[in-house]
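S.K.: One file is attached below, entry.cif, containing mmCIF, C-alpha atoms and all ligand atoms.
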data_final
#
loop_
_atom_site.label_atom_id
_atom_site.label_comp_id
_atom_site.auth_asym_id
_atom_site.auth_seq_id
_atom_site.Cartn_x
_atom_site.Cartn_y
_atom_site.Cartn_z
CA MET A 1203 13.76 -21.90 16.97
CA GLU A 1204 10.74 -22.74 19.05
CA TYR A 1205 7.80 -20.38 19.35
CA ARG A 1206 8.03 -17.86 22.14
CA LYS A 1207 5.70 -19.09 24.85
CA THR A 1208 5.16 -15.56 26.14
CA ASP A 1209 3.61 -14.62 22.80
CA ILE A 1210 0.87 -17.15 23.17
CA VAL A 1211 -2.22 -15.91 24.92
CA SER A 1212 -4.08 -19.17 25.14
CA ALA A 1213 -3.17 -22.74 24.35
CA ALA A 1214 -6.88 -23.43 23.71
CA PRO A 1215 -7.22 -26.61 25.77
CA THR A 1216 -10.96 -26.15 25.31
CA CYS A 1217 -13.03 -25.58 22.17
CA ARG A 1218 -13.17 -22.00 20.91
CA SER A 1219 -16.93 -22.36 20.48
CA CYS A 1220 -18.49 -24.83 22.95
CA ARG A 1221 -15.67 -24.75 25.56
CA GLN A 1222 -15.66 -28.55 25.76
CA GLU A 1223 -12.33 -30.29 26.50
CA GLY A 1224 -11.01 -33.21 24.50
CA LEU A 1225 -10.18 -31.59 21.15
CA ILE A 1226 -8.62 -34.11 18.77
CA GLU A 1227 -5.54 -32.88 16.93
CA PHE A 1228 -5.25 -34.24 13.40
CA LEU A 1229 -2.70 -32.18 11.48
CA SER A 1230 0.44 -30.33 12.53
CA LEU A 1231 2.09 -27.95 10.09
CA GLY A 1232 4.80 -27.40 12.69
CA PRO A 1233 5.97 -24.17 14.28
CA ILE A 1234 6.21 -21.76 11.34
CA PRO A 1235 6.93 -18.01 11.06
CA LEU A 1236 4.16 -15.48 10.47
CA THR A 1237 3.41 -15.97 6.80
CA ASP A 1238 4.11 -12.39 5.68
CA ALA A 1239 7.19 -11.82 7.86
CA TYR A 1240 9.53 -11.44 4.86
CA VAL A 1241 13.13 -11.30 6.03
CA ALA A 1242 15.52 -8.46 5.17
CA HIS A 1243 18.95 -9.40 3.81
CA ALA A 1244 20.84 -8.34 6.94
CA LEU A 1245 18.70 -10.65 9.11
CA VAL A 1246 19.06 -13.88 7.13
CA GLY A 1247 20.26 -16.62 9.47
CA GLU A 1248 18.93 -14.86 12.57
CA PRO A 1249 16.29 -16.78 14.54
CA GLU A 1250 12.75 -15.96 13.41
CA PRO A 1251 9.77 -16.18 15.80
CA ARG A 1252 7.78 -19.31 15.01
CA TYR A 1253 4.35 -20.25 16.22
CA PRO A 1254 2.65 -23.66 16.11
CA VAL A 1255 -0.07 -24.41 13.58
CA ASP A 1256 -1.86 -27.52 14.83
CA LEU A 1257 -5.35 -28.30 13.57
CA ALA A 1258 -7.92 -30.00 15.78
CA PHE A 1259 -11.54 -31.20 15.66
CA CYS A 1260 -14.07 -30.69 18.44
CA PRO A 1261 -16.22 -33.81 18.86
CA GLY A 1262 -18.71 -31.71 20.84
CA CYS A 1263 -19.72 -29.00 18.33
CA ARG A 1264 -17.72 -30.25 15.28
CA LEU A 1265 -15.69 -27.05 14.94
CA VAL A 1266 -12.29 -27.39 13.24
CA GLN A 1267 -9.77 -24.99 14.78
CA ILE A 1268 -6.09 -24.36 15.36
CA LEU A 1269 -4.95 -24.79 18.93
CA PHE A 1270 -2.73 -21.78 19.52
CA THR A 1271 -3.57 -18.11 19.25
CA VAL A 1272 -0.96 -15.58 18.22
CA PRO A 1273 -1.98 -12.31 19.93
CA ALA A 1274 -3.97 -10.03 17.65
CA GLU A 1275 -1.58 -7.16 18.42
CA VAL A 1276 1.35 -9.14 16.98
CA ILE A 1277 -0.59 -9.65 13.76
CA PHE A 1278 -2.24 -6.24 13.58
CA GLU A 1279 0.86 -4.16 14.24
CA ARG A 1280 2.00 -5.37 10.83
CA TYR A 1281 -1.32 -5.27 9.06
CA SER A 1282 -1.25 -3.11 5.94
CA TYR A 1283 -3.71 -4.73 3.56
CA TYR A 1284 -5.97 -2.27 1.72
CA SER A 1285 -9.03 -3.94 0.26
CA SER A 1286 -9.56 -1.19 -2.31
CA PHE A 1287 -6.64 -2.53 -4.35
CA SER A 1288 -8.56 -5.68 -5.27
CA GLU A 1289 -10.84 -5.09 -8.25
CA THR A 1290 -12.59 -8.45 -7.72
CA LEU A 1291 -13.40 -7.55 -4.12
CA LEU A 1292 -14.69 -4.10 -5.12
CA SER A 1293 -17.19 -5.40 -7.64
CA HIS A 1294 -18.18 -8.24 -5.28
CA SER A 1295 -18.92 -5.61 -2.59
CA ARG A 1296 -20.89 -3.29 -4.88
CA GLU A 1297 -23.13 -6.19 -5.83
CA HIS A 1298 -23.55 -7.23 -2.18
CA VAL A 1299 -24.62 -3.70 -1.18
CA ARG A 1300 -27.02 -3.42 -4.12
CA GLN A 1301 -28.64 -6.71 -3.05
CA LEU A 1302 -28.89 -5.65 0.62
CA ILE A 1303 -30.48 -2.29 -0.17
CA ALA A 1304 -33.10 -3.98 -2.35
CA GLU A 1305 -33.86 -6.90 -0.01
CA ARG A 1306 -33.91 -4.91 3.22
CA HIS A 1307 -35.44 -1.72 1.78
CA LEU A 1308 -32.64 0.38 3.26
CA GLY A 1309 -32.78 4.17 3.21
CA PRO A 1310 -31.76 7.34 5.10
CA ALA A 1311 -33.51 6.07 8.28
CA SER A 1312 -31.56 2.78 8.29
CA PHE A 1313 -28.25 2.07 10.00
CA VAL A 1314 -25.54 -0.31 8.75
CA ILE A 1315 -22.54 -1.49 10.78
CA GLU A 1316 -19.60 -3.28 9.24
CA VAL A 1317 -17.06 -5.12 11.37
CA ALA A 1318 -13.57 -5.34 9.83
CA SER A 1319 -14.50 -2.52 7.49
CA ASN A 1320 -10.88 -2.05 6.36
CA ASP A 1321 -10.53 1.06 4.15
CA GLY A 1322 -14.27 1.52 3.70
CA TYR A 1323 -14.32 -0.25 0.33
CA LEU A 1324 -17.79 -1.73 1.03
CA LEU A 1325 -19.49 0.87 3.24
CA ARG A 1326 -18.74 3.69 0.76
CA ASN A 1327 -21.44 2.19 -1.45
CA PHE A 1328 -24.06 2.81 1.27
CA VAL A 1329 -22.73 6.32 1.94
CA GLY A 1330 -23.20 7.07 -1.76
CA GLN A 1331 -26.92 6.21 -1.35
CA GLY A 1332 -27.34 8.39 1.75
CA ILE A 1333 -27.58 5.42 4.14
CA PRO A 1334 -25.91 5.99 7.56
CA VAL A 1335 -23.03 3.61 8.35
CA LEU A 1336 -20.41 2.87 10.97
CA GLY A 1337 -17.21 0.96 10.25
CA ILE A 1338 -15.27 -0.85 12.98
CA ASP A 1339 -11.65 -1.81 12.37
CA PRO A 1340 -8.55 -1.80 14.61
CA ALA A 1341 -6.05 -1.47 11.73
CA ARG A 1342 -5.16 2.22 11.89
CA GLY A 1343 -3.90 2.82 8.33
CA PRO A 1344 -6.94 1.38 6.54
CA ALA A 1345 -9.33 2.97 9.10
CA ASP A 1346 -7.77 6.40 8.44
CA ALA A 1347 -8.21 5.83 4.70
CA ALA A 1348 -11.90 5.01 5.30
CA GLU A 1349 -12.44 8.30 7.19
CA THR A 1350 -10.96 10.33 4.35
CA ILE A 1351 -13.56 8.95 1.92
CA GLY A 1352 -16.43 9.74 4.33
CA VAL A 1353 -16.87 6.38 6.09
CA PRO A 1354 -17.01 6.97 9.89
CA THR A 1355 -14.83 4.29 11.49
CA LEU A 1356 -14.16 3.20 15.09
CA ARG A 1357 -10.58 2.02 15.48
CA GLU A 1358 -11.35 -0.83 17.87
CA PHE A 1359 -11.70 -4.61 18.10
CA PHE A 1360 -15.34 -5.70 17.95
CA GLY A 1361 -16.87 -7.82 20.73
CA SER A 1362 -19.71 -7.90 23.26
CA GLU A 1363 -18.22 -5.01 25.24
CA LEU A 1364 -18.07 -2.57 22.33
CA ALA A 1365 -21.52 -3.72 21.16
CA ALA A 1366 -23.00 -2.99 24.60
CA ARG A 1367 -21.39 0.46 24.61
CA LEU A 1368 -22.88 1.27 21.17
CA ARG A 1369 -26.27 -0.07 22.20
CA ALA A 1370 -26.18 2.15 25.30
CA GLN A 1371 -25.62 5.12 22.96
CA GLY A 1372 -28.80 4.14 21.14
CA LYS A 1373 -27.00 2.65 18.15
CA VAL A 1374 -28.86 -0.39 16.80
CA ALA A 1375 -28.12 -1.87 13.37
CA ASP A 1376 -30.64 -2.89 10.73
CA VAL A 1377 -27.79 -4.69 8.98
CA VAL A 1378 -24.48 -5.94 10.37
CA ILE A 1379 -21.86 -7.04 7.86
CA ALA A 1380 -18.78 -9.04 8.82
CA ASN A 1381 -16.83 -10.45 5.88
CA ASN A 1382 -13.78 -12.65 6.31
CA VAL A 1383 -13.29 -11.81 9.97
CA LEU A 1384 -15.07 -14.55 11.96
CA ALA A 1385 -12.29 -17.08 11.31
CA HIS A 1386 -9.74 -14.57 12.67
CA VAL A 1387 -11.48 -13.85 15.96
CA ALA A 1388 -9.97 -15.31 19.15
CA ASP A 1389 -13.07 -14.64 21.28
CA LEU A 1390 -15.60 -16.31 19.01
CA ASN A 1391 -18.49 -16.23 21.48
CA GLY A 1392 -17.85 -12.59 22.42
CA PHE A 1393 -17.95 -11.66 18.75
CA VAL A 1394 -21.24 -13.43 17.98
CA GLN A 1395 -22.77 -12.16 21.21
CA GLY A 1396 -21.73 -8.66 20.11
CA ILE A 1397 -23.68 -9.10 16.87
CA ALA A 1398 -26.72 -10.26 18.84
CA ILE A 1399 -26.48 -7.18 21.08
CA ILE A 1400 -26.13 -4.63 18.28
CA LEU A 1401 -28.73 -6.09 15.90
CA ALA A 1402 -32.23 -4.56 15.70
CA GLU A 1403 -35.12 -6.88 16.53
CA ASP A 1404 -35.91 -7.44 12.82
CA GLY A 1405 -32.33 -6.86 11.60
CA VAL A 1406 -30.05 -9.25 9.74
CA ALA A 1407 -26.33 -9.93 9.88
CA GLU A 1408 -24.49 -11.06 6.77
CA ILE A 1409 -21.21 -12.85 7.32
CA GLU A 1410 -18.82 -14.33 4.78
CA VAL A 1411 -16.57 -17.20 5.80
CA PRO A 1412 -14.44 -19.74 3.93
CA TYR A 1413 -16.06 -23.20 3.96
CA VAL A 1414 -14.20 -26.07 5.65
CA ARG A 1415 -15.49 -28.41 2.96
CA ASP A 1416 -13.57 -26.53 0.22
CA LEU A 1417 -10.40 -26.67 2.32
CA ILE A 1418 -10.70 -30.41 2.87
CA ASP A 1419 -11.99 -31.53 -0.53
CA ASN A 1420 -9.50 -29.40 -2.49
CA LEU A 1421 -6.62 -30.21 -0.11
CA GLU A 1422 -5.92 -26.50 0.40
CA PHE A 1423 -3.82 -27.08 3.51
CA ASP A 1424 -1.59 -24.11 2.66
CA THR A 1425 -4.47 -21.78 3.62
CA ILE A 1426 -4.14 -23.01 7.21
CA TYR A 1427 -2.07 -20.53 9.21
CA HIS A 1428 -1.93 -18.46 12.38
CA GLU A 1429 -4.44 -15.80 11.38
CA HIS A 1430 -7.07 -18.40 10.49
CA LEU A 1431 -8.18 -19.75 13.85
CA CYS A 1432 -11.38 -21.56 12.77
CA TYR A 1433 -12.53 -23.55 9.74
CA PHE A 1434 -16.31 -23.60 9.67
CA SER A 1435 -18.97 -26.11 8.70
CA ILE A 1436 -22.62 -25.07 8.73
CA THR A 1437 -23.18 -27.61 11.52
CA ALA A 1438 -20.60 -25.93 13.76
CA LEU A 1439 -21.87 -22.43 12.88
CA ASP A 1440 -25.50 -23.34 13.53
CA THR A 1441 -24.60 -24.40 17.09
CA LEU A 1442 -22.48 -21.29 17.66
CA PHE A 1443 -25.16 -18.83 16.48
CA ARG A 1444 -28.06 -20.50 18.31
CA ARG A 1445 -26.10 -20.23 21.55
CA HIS A 1446 -26.51 -16.45 21.20
CA GLY A 1447 -30.11 -16.34 20.05
CA LEU A 1448 -29.33 -16.01 16.36
CA SER A 1449 -30.17 -18.44 13.54
CA LEU A 1450 -29.11 -19.01 9.98
CA GLU A 1451 -31.78 -17.76 7.63
CA ARG A 1452 -29.93 -18.42 4.39
CA VAL A 1453 -26.66 -19.90 3.12
CA GLN A 1454 -25.27 -18.85 -0.27
CA ALA A 1455 -22.19 -20.31 -1.93
CA LEU A 1456 -19.91 -17.66 -3.47
CA PRO A 1457 -17.00 -18.15 -5.88
CA ILE A 1458 -14.82 -15.43 -4.26
CA HIS A 1459 -11.56 -16.41 -2.48
CA GLY A 1460 -11.69 -19.91 -3.99
CA GLY A 1461 -15.07 -20.72 -2.42
CA SER A 1462 -16.81 -18.91 0.43
CA LEU A 1463 -20.20 -18.96 2.12
CA ARG A 1464 -22.38 -15.92 2.72
CA LEU A 1465 -24.50 -16.50 5.82
CA THR A 1466 -27.60 -14.48 6.67
CA LEU A 1467 -28.45 -14.43 10.39
CA SER A 1468 -31.58 -13.23 12.13
CA ARG A 1469 -33.49 -13.76 15.35
CA ASN A 1470 -36.03 -15.99 13.59
CA PRO A 1471 -35.40 -19.45 15.14
CA ASP A 1472 -36.88 -21.53 12.28
CA THR A 1473 -34.43 -23.61 10.27
CA ALA A 1474 -34.59 -22.40 6.65
CA SER A 1475 -34.61 -24.95 3.83
CA SER A 1476 -31.23 -23.88 2.37
CA VAL A 1477 -29.72 -24.35 5.82
CA LYS A 1478 -31.40 -27.71 6.34
CA ALA A 1479 -29.95 -28.92 3.03
CA TYR A 1480 -26.41 -28.02 4.14
CA LEU A 1481 -26.87 -29.67 7.55
CA GLU A 1482 -28.14 -32.90 6.00
CA GLN A 1483 -25.42 -32.98 3.34
CA GLU A 1484 -22.68 -32.45 5.92
CA GLU A 1485 -24.02 -35.28 8.06
CA ALA A 1486 -24.33 -37.60 5.04
CA ASP A 1487 -20.81 -36.80 3.79
CA GLY A 1488 -19.14 -37.36 7.16
CA LEU A 1489 -18.17 -33.77 8.06
CA ASN A 1490 -19.46 -34.37 11.59
CA GLY A 1491 -17.11 -37.29 12.21
CA PHE A 1492 -13.38 -37.37 12.87
CA ASP A 1493 -12.53 -39.77 10.00
CA TYR A 1494 -13.21 -37.07 7.40
CA TYR A 1495 -10.44 -34.94 8.91
CA ARG A 1496 -8.04 -37.80 9.61
CA GLU A 1497 -8.18 -38.80 5.95
CA PHE A 1498 -7.46 -35.20 4.99
CA ALA A 1499 -4.37 -35.23 7.21
CA ASP A 1500 -3.18 -38.47 5.55
CA ARG A 1501 -3.58 -36.92 2.10
CA VAL A 1502 -1.70 -33.78 3.18
CA THR A 1503 1.17 -35.85 4.57
CA GLU A 1504 1.33 -37.80 1.31
CA LEU A 1505 1.27 -34.60 -0.76
CA ARG A 1506 4.02 -32.93 1.24
CA SER A 1507 6.40 -35.89 1.00
CA GLY A 1508 5.50 -36.48 -2.66
CA LEU A 1509 6.29 -32.90 -3.53
CA ARG A 1510 9.57 -32.93 -1.67
CA THR A 1511 10.60 -36.21 -3.34
CA LYS A 1512 9.77 -34.81 -6.77
CA LEU A 1513 11.87 -31.70 -6.18
CA MET A 1514 14.79 -33.77 -4.82
CA GLU A 1515 14.71 -35.99 -7.93
CA LEU A 1516 14.81 -33.00 -10.24
CA ARG A 1517 17.60 -31.49 -8.21
CA SER A 1518 19.63 -34.71 -8.31
CA GLU A 1519 19.29 -34.64 -12.12
CA GLY A 1520 20.97 -31.25 -11.99
CA LYS A 1521 17.82 -29.26 -12.77
CA ARG A 1522 17.40 -25.76 -11.43
CA ILE A 1523 14.13 -25.06 -9.66
CA ALA A 1524 12.53 -21.75 -8.70
CA ALA A 1525 9.15 -20.91 -7.26
CA TYR A 1526 6.57 -18.32 -8.25
CA GLY A 1527 4.48 -16.11 -5.95
CA ALA A 1528 5.76 -14.97 -2.51
CA ALA A 1529 2.32 -15.35 -0.94
CA ALA A 1530 1.24 -16.41 2.55
CA LYS A 1531 0.30 -19.87 1.30
CA GLY A 1532 3.84 -20.25 -0.08
CA THR A 1533 5.30 -19.70 3.39
CA VAL A 1534 3.04 -22.46 4.70
CA LEU A 1535 3.76 -24.89 1.86
CA LEU A 1536 7.54 -24.44 1.96
CA ASN A 1537 7.92 -24.47 5.76
CA SER A 1538 5.55 -27.32 6.43
CA SER A 1539 7.02 -29.46 3.65
CA GLY A 1540 10.64 -28.84 4.60
CA ILE A 1541 11.48 -27.21 1.26
CA GLY A 1542 14.26 -24.64 1.55
CA SER A 1543 17.10 -23.04 -0.38
CA GLU A 1544 18.76 -26.42 -0.96
CA LEU A 1545 15.92 -27.24 -3.37
CA ILE A 1546 14.62 -23.87 -4.57
CA ASP A 1547 16.99 -21.22 -5.94
CA PHE A 1548 14.66 -18.27 -5.64
CA VAL A 1549 11.02 -17.16 -5.53
CA ALA A 1550 9.96 -14.79 -8.32
CA ASP A 1551 7.37 -12.15 -7.40
CA LYS A 1552 6.05 -9.02 -9.08
CA SER A 1553 5.83 -6.96 -5.85
CA PRO A 1554 8.74 -4.51 -5.42
CA TYR A 1555 7.98 -4.55 -1.68
CA LYS A 1556 8.92 -8.23 -1.47
CA GLN A 1557 11.82 -8.27 -3.96
CA GLY A 1558 15.22 -8.27 -2.24
CA LYS A 1559 13.77 -9.93 0.85
CA PHE A 1560 13.65 -13.63 1.80
CA MET A 1561 10.81 -16.11 2.33
CA PRO A 1562 10.03 -16.45 6.07
CA GLY A 1563 11.57 -19.47 7.72
CA VAL A 1564 13.29 -20.97 4.66
CA GLY A 1565 15.72 -18.25 3.58
CA ILE A 1566 14.89 -18.39 -0.14
CA PRO A 1567 15.54 -15.03 -1.86
CA ILE A 1568 12.64 -13.20 -3.53
CA VAL A 1569 13.56 -11.70 -6.90
CA PRO A 1570 11.92 -10.15 -9.96
CA GLN A 1571 11.12 -12.61 -12.73
CA LYS A 1572 13.87 -14.94 -14.04
CA SER A 1573 13.60 -18.19 -15.98
CA PRO A 1574 14.90 -21.45 -14.50
CA GLU A 1575 14.01 -24.89 -15.92
CA TYR A 1576 11.31 -25.64 -13.35
CA VAL A 1577 9.05 -23.27 -11.47
CA LEU A 1578 7.08 -24.41 -8.40
CA LEU A 1579 3.78 -22.53 -8.43
CA LEU A 1580 3.20 -21.42 -4.83
CA VAL A 1581 0.13 -19.50 -6.02
CA TRP A 1582 -1.31 -22.59 -7.71
CA ASN A 1583 -4.79 -21.07 -7.39
CA LEU A 1584 -3.77 -18.58 -10.12
CA LYS A 1585 -2.43 -21.33 -12.40
CA ASP A 1586 -4.54 -20.51 -15.46
CA GLU A 1587 -3.71 -16.82 -15.31
CA ILE A 1588 0.01 -17.49 -14.87
CA VAL A 1589 0.13 -20.02 -17.69
CA ARG A 1590 -1.45 -17.41 -19.95
CA GLU A 1591 1.03 -14.74 -18.85
CA GLN A 1592 4.05 -17.00 -19.00
CA ARG A 1593 3.34 -18.70 -22.32
CA ALA A 1594 6.75 -17.62 -23.65
CA TYR A 1595 8.48 -19.34 -20.74
CA LEU A 1596 6.66 -22.60 -21.47
CA ASP A 1597 7.34 -22.28 -25.21
CA ALA A 1598 11.04 -21.90 -24.43
CA GLY A 1599 10.94 -25.28 -22.66
CA GLY A 1600 10.22 -24.12 -19.10
CA ARG A 1601 7.99 -26.26 -16.88
CA PHE A 1602 5.68 -25.54 -13.97
CA ILE A 1603 5.27 -27.75 -10.91
CA VAL A 1604 1.71 -27.46 -9.60
CA PRO A 1605 1.78 -28.72 -5.97
CA ILE A 1606 -1.92 -29.04 -5.08
CA PRO A 1607 -4.01 -31.25 -5.07
CA VAL A 1608 -1.37 -33.65 -6.52
CA PRO A 1609 2.15 -32.49 -7.39
CA ILE A 1610 2.49 -32.52 -11.19
CA ALA A 1611 4.94 -31.01 -13.66
CA MET A 1612 3.48 -29.34 -16.74
CA GLY A 1613 5.09 -28.07 -19.95
CA LYS A 1614 3.67 -26.45 -23.07
CA GLU A 1615 2.29 -29.84 -24.27
CA ASP A 1616 0.05 -29.97 -21.18
CA VAL A 1617 -1.58 -26.58 -21.67
CA PRO A 1618 -5.19 -26.88 -22.82
CA SER A 1619 -5.68 -24.95 -26.04
CA ALA A 1620 -8.28 -22.81 -24.28
CA LEU A 1621 -5.48 -21.30 -22.18
CA SER A 1622 -2.89 -20.91 -24.88
CA GLY A 1623 -4.45 -17.60 -25.95
ZN ZN B 1 -16.74 -27.37 20.37
#
Can you turn what I pasted into structure tokens?

M.R.:
Amino acid sequence: MEYRKTDIVSAAPTCRSCRQEGLIEFLSLGPIPLTDAYVAHALVGEPEPRYPVDLAFCPGCRLVQILFTVPAEVIFERYSYYSSFSETLLSHSREHVRQLIAERHLGPASFVIEVASNDGYLLRNFVGQGIPVLGIDPARGPADAAETIGVPTLREFFGSELAARLRAQGKVADVVIANNVLAHVADLNGFVQGIAIILAEDGVAEIEVPYVRDLIDNLEFDTIYHEHLCYFSITALDTLFRRHGLSLERVQALPIHGGSLRLTLSRNPDTASSVKAYLEQEEADGLNGFDYYREFADRVTELRSGLRTKLMELRSEGKRIAAYGAAAKGTVLLNSSGIGSELIDFVADKSPYKQGKFMPGVGIPIVPQKSPEYVLLLVWNLKDEIVREQRAYLDAGGRFIVPIPVPIAMGKEDVPSALSG
């Protein structure tokens, strides 16, 4: 089934940042279903809505972006992620808040705004120190949860209009935080302009984004999907922020989410040395040219066909193959590689919410753990943890197929002793 044209707000013929025409498409993952649209048993075989995921490069401002935008309402009506369930994220946030309070000398007279504040998992740390906050998040469930723990939250989408309204009410932020939201925003310029409007003259904004370089160098193409509209380099971000009177004051690399950047923005127009180093490195390594991305697309194409061939060989030898981890990236990997129920018997997953349902687009059932001969690791990023947990499976002769960055099969003889626990 083709995507429903009526569901697409804009076909982005111009760049999401600089508005220039002439975007160069370099990778198509095809029309695929929303990655978490797990299918109930009764609906298997029914057409599923699919939306294109085509990646393009802007030769004007060097921003990598997908061309189509699924309306935010379609995504948000289903959104039920609660950040407080991630222990890693909680400790990451506590540390971030501790650092901000110390660096910015925040106290009861300060004001902190967080965009995409979810269930208040980060802002609660300021509230605990008596520092006034405001959360902004359109997802009703998480926003309600934030209110119940004392984090005031506006249930709205953030942009220049809301920022102007807050400013008119006398609300000006000493610190604006926006973690893992910039890549999801359809109106990129409206969002950054909103930050510029709401920020105090000497205030800072801290924004966390995934880094396009990690995506490309680690071949993480399965993290490309509808919700992720942009894939940022520092070069592209620098241009975007300066357009709205903001500049990068600092860039920090963070290990969270498989490699992210924390950006500090202010109104100080000087280019800081950490920023200059990133800009020069990106230029030297080719991130500002199209070849870098074309080569990535070639490697992805090779990986997808290599993986499919490997699975078909195993299947033709009569082996039974399952997959592990019904995650968003699995939906992308399976759909974009043309791997369906003819190759994979089932996907094992620990979540009772997903068990009994089917992977979007490919009709593979999701079940509690079972033990086939081969298991394709859809959550390959958790490989070490899974190998440790599933040592008994490997000892019994089971084998994992790790798809990225090169499809390989591994058995107990391949496990480094450090992981054998
Ligand atoms: Zn552009």

S.K.: Using only C-alpha atoms and all ligand atoms, find the one residue out of A:Glu1250, A:Asp1440, A:Glu1297, A:Glu1587 that sits nearest to ligand ZN 1 (chain B).

M.R.: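 Closest to ligand ZN 1 (chain B), using only C-alpha atoms and all ligand atoms: A:Asp1440.
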
S.K.: For a test of reading the model, state the distance in Å between CA of Gly1332 (chain A) and CA of Ile1399 (chain A), rounded to one decimal.

M.R.: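 Pair CA of Gly1332 (chain A) / CA of Ile1399 (chain A) returns 24.8 Å.
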
S.K.: Write out as a short mmCIF file (atom, residue, chain, number, x, y, z; two decimals) with C-alpha atoms, in the frame of the given file each polymer residue (protein, DNA or RNA) that has an atom no more than 12 Å from ligand ZN 1 (chain B), with only C-alpha atoms and all ligand atoms counted.

M.R.:
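And here is the file that came out, result27.cif:
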data_model
loop_
_atom_site.label_atom_id
_atom_site.label_comp_id
_atom_site.auth_asym_id
_atom_site.auth_seq_id
_atom_site.Cartn_x
_atom_site.Cartn_y
_atom_site.Cartn_z
CA ALA A 1214 -6.88 -23.43 23.71
CA PRO A 1215 -7.22 -26.61 25.77
CA THR A 1216 -10.96 -26.15 25.31
CA CYS A 1217 -13.03 -25.58 22.17
CA ARG A 1218 -13.17 -22.00 20.91
CA SER A 1219 -16.93 -22.36 20.48
CA CYS A 1220 -18.49 -24.83 22.95
CA ARG A 1221 -15.67 -24.75 25.56
CA GLN A 1222 -15.66 -28.55 25.76
CA GLU A 1223 -12.33 -30.29 26.50
CA GLY A 1224 -11.01 -33.21 24.50
CA LEU A 1225 -10.18 -31.59 21.15
CA ILE A 1226 -8.62 -34.11 18.77
CA ALA A 1258 -7.92 -30.00 15.78
CA PHE A 1259 -11.54 -31.20 15.66
CA CYS A 1260 -14.07 -30.69 18.44
CA PRO A 1261 -16.22 -33.81 18.86
CA GLY A 1262 -18.71 -31.71 20.84
CA CYS A 1263 -19.72 -29.00 18.33
CA ARG A 1264 -17.72 -30.25 15.28
CA LEU A 1265 -15.69 -27.05 14.94
CA VAL A 1266 -12.29 -27.39 13.24
CA GLN A 1267 -9.77 -24.99 14.78
CA LEU A 1390 -15.60 -16.31 19.01
CA ASN A 1391 -18.49 -16.23 21.48
CA CYS A 1432 -11.38 -21.56 12.77
CA PHE A 1434 -16.31 -23.60 9.67
CA SER A 1435 -18.97 -26.11 8.70
CA THR A 1437 -23.18 -27.61 11.52
CA ALA A 1438 -20.60 -25.93 13.76
CA LEU A 1439 -21.87 -22.43 12.88
CA ASP A 1440 -25.50 -23.34 13.53
CA THR A 1441 -24.60 -24.40 17.09
CA LEU A 1442 -22.48 -21.29 17.66
CA ARG A 1445 -26.10 -20.23 21.55
CA ASN A 1490 -19.46 -34.37 11.59
#

S.K.: With all atoms listed in the file as the atoms that count, which of A:Tyr1555, A:Phe1443, A:Tyr1427, A:Tyr1413 lies nearest to Ser1538 (chain A)?

M.R.: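 Looking only at the distances to Ser1538 (chain A), the closest residue turns out to be A:Tyr1427.
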
S.K.: Given the point (11.6, -29.1, -0.3) in the file's coordinates, find the residues that have an atom at most 12 Å from it, counting only C-alpha atoms, and give them as number ranges by chain.

M.R.: A: 1505-1517, 1523-1525, 1532-1547, 1564, 1566, 1578, 1605

S.K.: Give me the residues within 10 Å of region 1361-1373 of chain A as a PyMOL selection string, counting all atoms listed in the file and dropping any in the same chain fewer than 6 places off.

M.R.: chain A and resi 1313-1315+1317+1336+1338+1387+1389-1402

S.K.: So which residues touch region 1303-1308 of chain A within 12 Å, counting all atoms listed in the file, skipping near sequence neighbours fewer than 5 positions away, as a PyMOL selection string?

M.R.: chain A and resi 1296-1298+1313-1314+1325+1327-1335+1375-1378+1404-1408+1466

S.K.: Please determine, counting only C-alpha atoms, which residue among A:Asp1256, A:Glu1275, A:Glu1519, A:Glu1403 has the shortest atom-to-atom distance to Gly1232 (chain A).

M.R.: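 The shortest atom-to-atom distance to Gly1232 (chain A) comes from A:Asp1256.
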
S.K.: For the point (5.7, -12.9, -19.1) in the file's frame, write as JSON, numbers by chain all residues with an atom no more than 12 Å away, counting all atoms listed in the file.

M.R.: {"A": [1550, 1551, 1552, 1570, 1571, 1572, 1573, 1587, 1588, 1589, 1590, 1591, 1592, 1593, 1594, 1595, 1596, 1597, 1598]}

S.K.: May I ask for the distance between CA of Glu1358 (chain A) and CA of Ala1341 (chain A), given in Å to one decimal place?

M.R.: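 Those two atoms sit 8.1 Å apart.
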
S.K.: Any idea what the distance is between CA of Val1255 (chain A) and CA of Leu1231 (chain A)?

M.R.: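 That distance, rounded to one decimal, is 5.4 Å.
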
S.K.: In terms of the shortest atom-to-atom distance over only C-alpha atoms, which of A:Asn1320, A:Gln1301, A:Gln1483, A:Ser1468 is closest to Val1353 (chain A)?

M.R.: A:Asn1320

S.K.: Using only C-alpha atoms, find the one residue out of A:Thr1355, A:Thr1237, A:Gln1454, A:Thr1290 that sits nearest to Met1561 (chain A).

M.R.: A:Thr1237

S.K.: Can you pull out every residue within 9 Å of His1243 (chain A), counting all atoms listed in the file, but drop anything in the same chain fewer than 6 positions away, and send it as a ChimeraX atom specification?

M.R.: /A:1558-1560,1567

S.K.: Select, from A:Val1569, A:Met1612, A:Leu1245, A:Leu1489, the residue with the minimum atom-to-atom distance to Lys1585 (chain A), counting all atoms listed in the file.

M.R.: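 Result for the nearest residue to Lys1585 (chain A): A:Met1612.
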